[in-house]
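The structure under discussion appears below in the form of structure tokens.
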Amino acid sequence: MTAFKPLVFSGVQPTGNLHLGNYLGAIRRWVALQADHPCLFCVVDLHAITVWQEPADLERQIREVTAAFLASGIDAKKHILFNQSRVPEHAELAWIFNCIARLGWMNRMTQFKDKAGKDRENASLGLLAYPSLMAADILAYRATLVPVGEDQKQHLELTRDIAAKFNHDFADRIHDKGLGVPMTSIGDRESDDDTAQGYFPLTEPLIEGPATRIMSLKDGSKKMSKSDPSDLSRINLTDDADTISKKIRKAKTDPASLPSEPKGLAGRPEADNLVGIYAALADRTKAEILTEFGGRPFSEFKPVLADLAVEKLSPIADEMRRILADPAEIDRTLRDGAERARAIASQTLSDVKSIVGLLNN
Ligand code: TYM
């Protein structure tokens, strides 16, 4: 092999209602990436069970997230769409990565600290090892590009750390077995060694655009989240037009009118958030939006934002309902995707086993 091929991988947990943050920060950007790259999109059900999930809810949520992907424009025929647990190589590779990653790395993960809360002793072992499974998701395909929201940045850095340590610890074996790929070929911005080879790429996070961190509609200092107890804090992909309009009307703002340039949004998190949402939905920049709306009060901006959100999101909700009416077809799509994913992941696992010295002939 002469170079790592550009390949996109990303995933969403089936843990509850998908919201505008998931859509603008991730799924909508995946749809655009499909035009130029081979892509794998995954419903990460094994990650979901790191915290308790009611089994019947989990089944429903896996189908709902799949329907949301399809309704948003993910092409499951051209690309690969599947649920994680159907490809056992993810869990198998994660075990090997558990033996590469250091406990200190996991202990530093802010998402673990947030999710475990004060009662750390009672968190599942899976929650601590979560980032190692995420590295396995990505590296089972030796994916080079991972489009995510800002909150996943630390996990992606850890994915690079795992890849780098694996490449380093097994450098001789990788070389002897002829499985090395030049690290200059992609994703290794820091390397000044043209001869360095590795088995895994140092994956690039793609965290770009005006919507990498959509905030709660009720509190501009908290991110929009599935787990926020207030439904008014988020717009769900399944909300109807009236609900979307009501939530935007009730969104927290400050009393000033909109500034005419992005620097005027500093220290105004709620204003910044609503302008970012508008920009992302309209496929424009915050600067362009402020040139148009600068000086206008929120009482004028909110209705226009609500109309745009309804125009962009309602067709997705309608399409989701249509897709969900045929669960057997959703299951077929996931099975077919998993079969194609497995063909790639099983080759990686076979290489990794032979590199590590796990007899596999
Ligand atoms: P999850 O399920 O929490 O979120 C899915 C995607 O939505 C993005 N996101 C947001 N973006 C902007 N603003 C927000 N308020 C917001 N909330 C969520 C997330 O950044 C993510 O891109 N660990 C991942 C799932 C995962 C994964 C992977 C992702 C597992 N394996 C491999 C990429 C590659 C997660 O919990 O996402």
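Residue names in the structure tokens use chain letters A, B, ... in the order shown, residue numbers from 1 in each chain, and ligand numbers from 1 in the order shown.
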* So which residues of region 70-122 of chain A fall under helix (DSSP H, G or I) by DSSP, listed as a VMD selection string? -> chain A and resid 70 to 72 84 to 86 89 to 98 103 to 107 110 to 116 120 to 122
Deliver the residues from the most recent selection as a file, using C-alpha atoms, as a short mmCIF file (atom, residue, chain, number, x, y, z; two decimals), in the first residue's frame.
data_model
loop_
_atom_site.label_atom_id
_atom_site.label_comp_id
_atom_site.auth_asym_id
_atom_site.auth_seq_id
_atom_site.Cartn_x
_atom_site.Cartn_y
_atom_site.Cartn_z
CA LEU A 70 -31.48 8.49 5.78
CA ALA A 71 -33.99 11.33 5.99
CA SER A 72 -31.15 13.87 6.15
CA GLN A 84 -21.80 -0.84 15.50
CA SER A 85 -22.68 -4.04 17.37
CA ARG A 86 -23.28 -5.92 14.12
CA GLU A 89 -14.41 -6.33 14.97
CA HIS A 90 -15.07 -2.96 16.67
CA ALA A 91 -15.22 -4.56 20.11
CA GLU A 92 -12.33 -6.87 19.32
CA LEU A 93 -10.05 -4.04 18.19
CA ALA A 94 -11.17 -1.97 21.19
CA TRP A 95 -9.86 -4.72 23.48
CA ILE A 96 -6.44 -4.55 21.83
CA PHE A 97 -6.55 -0.75 22.15
CA ASN A 98 -7.47 -1.11 25.84
CA LEU A 103 -5.24 4.53 32.33
CA GLY A 104 -3.96 8.08 32.79
CA TRP A 105 -5.16 8.99 29.29
CA MET A 106 -8.69 7.80 30.09
CA ASN A 107 -8.74 9.55 33.45
CA THR A 110 -13.54 15.50 30.33
CA GLN A 111 -16.56 13.65 28.90
CA PHE A 112 -15.93 10.77 31.31
CA LYS A 113 -15.68 13.19 34.22
CA ASP A 114 -18.93 14.91 33.17
CA LYS A 115 -20.84 11.69 32.61
CA ALA A 116 -19.53 9.85 35.66
CA ARG A 120 -17.13 7.79 39.78
CA GLU A 121 -16.86 4.46 41.57
CA ASN A 122 -20.27 3.57 40.28
#
* Within-6 Å residues of ligand 1, basis only C-alpha atoms and all ligand atoms, as an NGL selection string -> :A and (9-13 or 21-22 or 25-26 or 44 or 134 or 137-138 or 146 or 148-152 or 211-215 or 223-225)
* Mind the document's chain letters and residue numbers, and return as a VMD selection string the residues of region 128-305 of chain A that DSSP labels strand (DSSP E or B). => chain A and resid 145 to 147 181 to 182 197 to 198 204 to 206 215 223 236
* Could you please determine the separation between CA of Thr243 (chain A) and CA of Val304 (chain A) in Å, to one decimal place? =>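 CA of Thr243 (chain A) sits 15.1 Å away from CA of Val304 (chain A).
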* Residue neighbourhood region 253-261 of chain A, 9 Å, only C-alpha atoms, exclusion window fewer than 2 positions, as a ChimeraX atom specification -> /A:217-218,220,250-251,263-265,268-271,274-275,286-298,301
* **Residue nearest Ile162 (chain A) - candidates A:Leu125, A:Arg342, A:Ala101, A:Pro147, atoms counted: only C-alpha atoms** =>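 For Ile162 (chain A), the nearest of the candidates is A:Ala101.
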* All residues 7 Å or closer to region 45-55 of chain A, only C-alpha atoms, same chain fewer than 2 positions away omitted, as a PyMOL selection string -> chain A and resi 13-15+43+57-59+83-85+124+126-127+130
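Atom to atom, CA of Leu359 (chain A) and CA of Tyr199 (chain A) stand 18.4 Å apart.
Excluding His37 (chain A) itself and same-chain residues fewer than 6 positions from it, the residues having an atom within 8 Å of it are Pro6, Leu7 and Val8 of chain A, counting only C-alpha atoms.
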* Pairwise distance for CA of Leu202 (chain A) and CA of Asp351 (chain A), rounded to one decimal in Å ->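 Distance between the two atoms: 17.5 Å.
Checking A:Ala135, A:Asp169, A:Pro210, A:Ile80 one by one against Arg284 (chain A), counting only C-alpha atoms, you find the shortest gap at A:Pro210.
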* Polymer residues at most 10 Å from Asp318 (chain A), only C-alpha atoms, same-chain spacing of 3 or more positions, as a list in words -> Ala71, Leu237, Thr238, Asp240, Leu313, Ser314, Pro315, Arg321, Arg322 and Ile323 of chain A
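Minimum distance to Thr66 (chain A) across A:Arg332, A:Lys5, A:Arg142, A:Arg340 (counting only C-alpha atoms) occurs at A:Arg332.
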* Give me the residues within 12 Å of Ala343 (chain A) as a ChimeraX atom specification, counting only C-alpha atoms and dropping any in the same chain fewer than 6 places off. => /A:80,87-89,140-141,336-337,349-350
* From A:Ser227, A:Asn273, A:Ser245, A:Asn360, residue lying nearest Glu311 (chain A) [only C-alpha atoms] ->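 Distance minimum relative to Glu311 (chain A) lands on A:Ser245.
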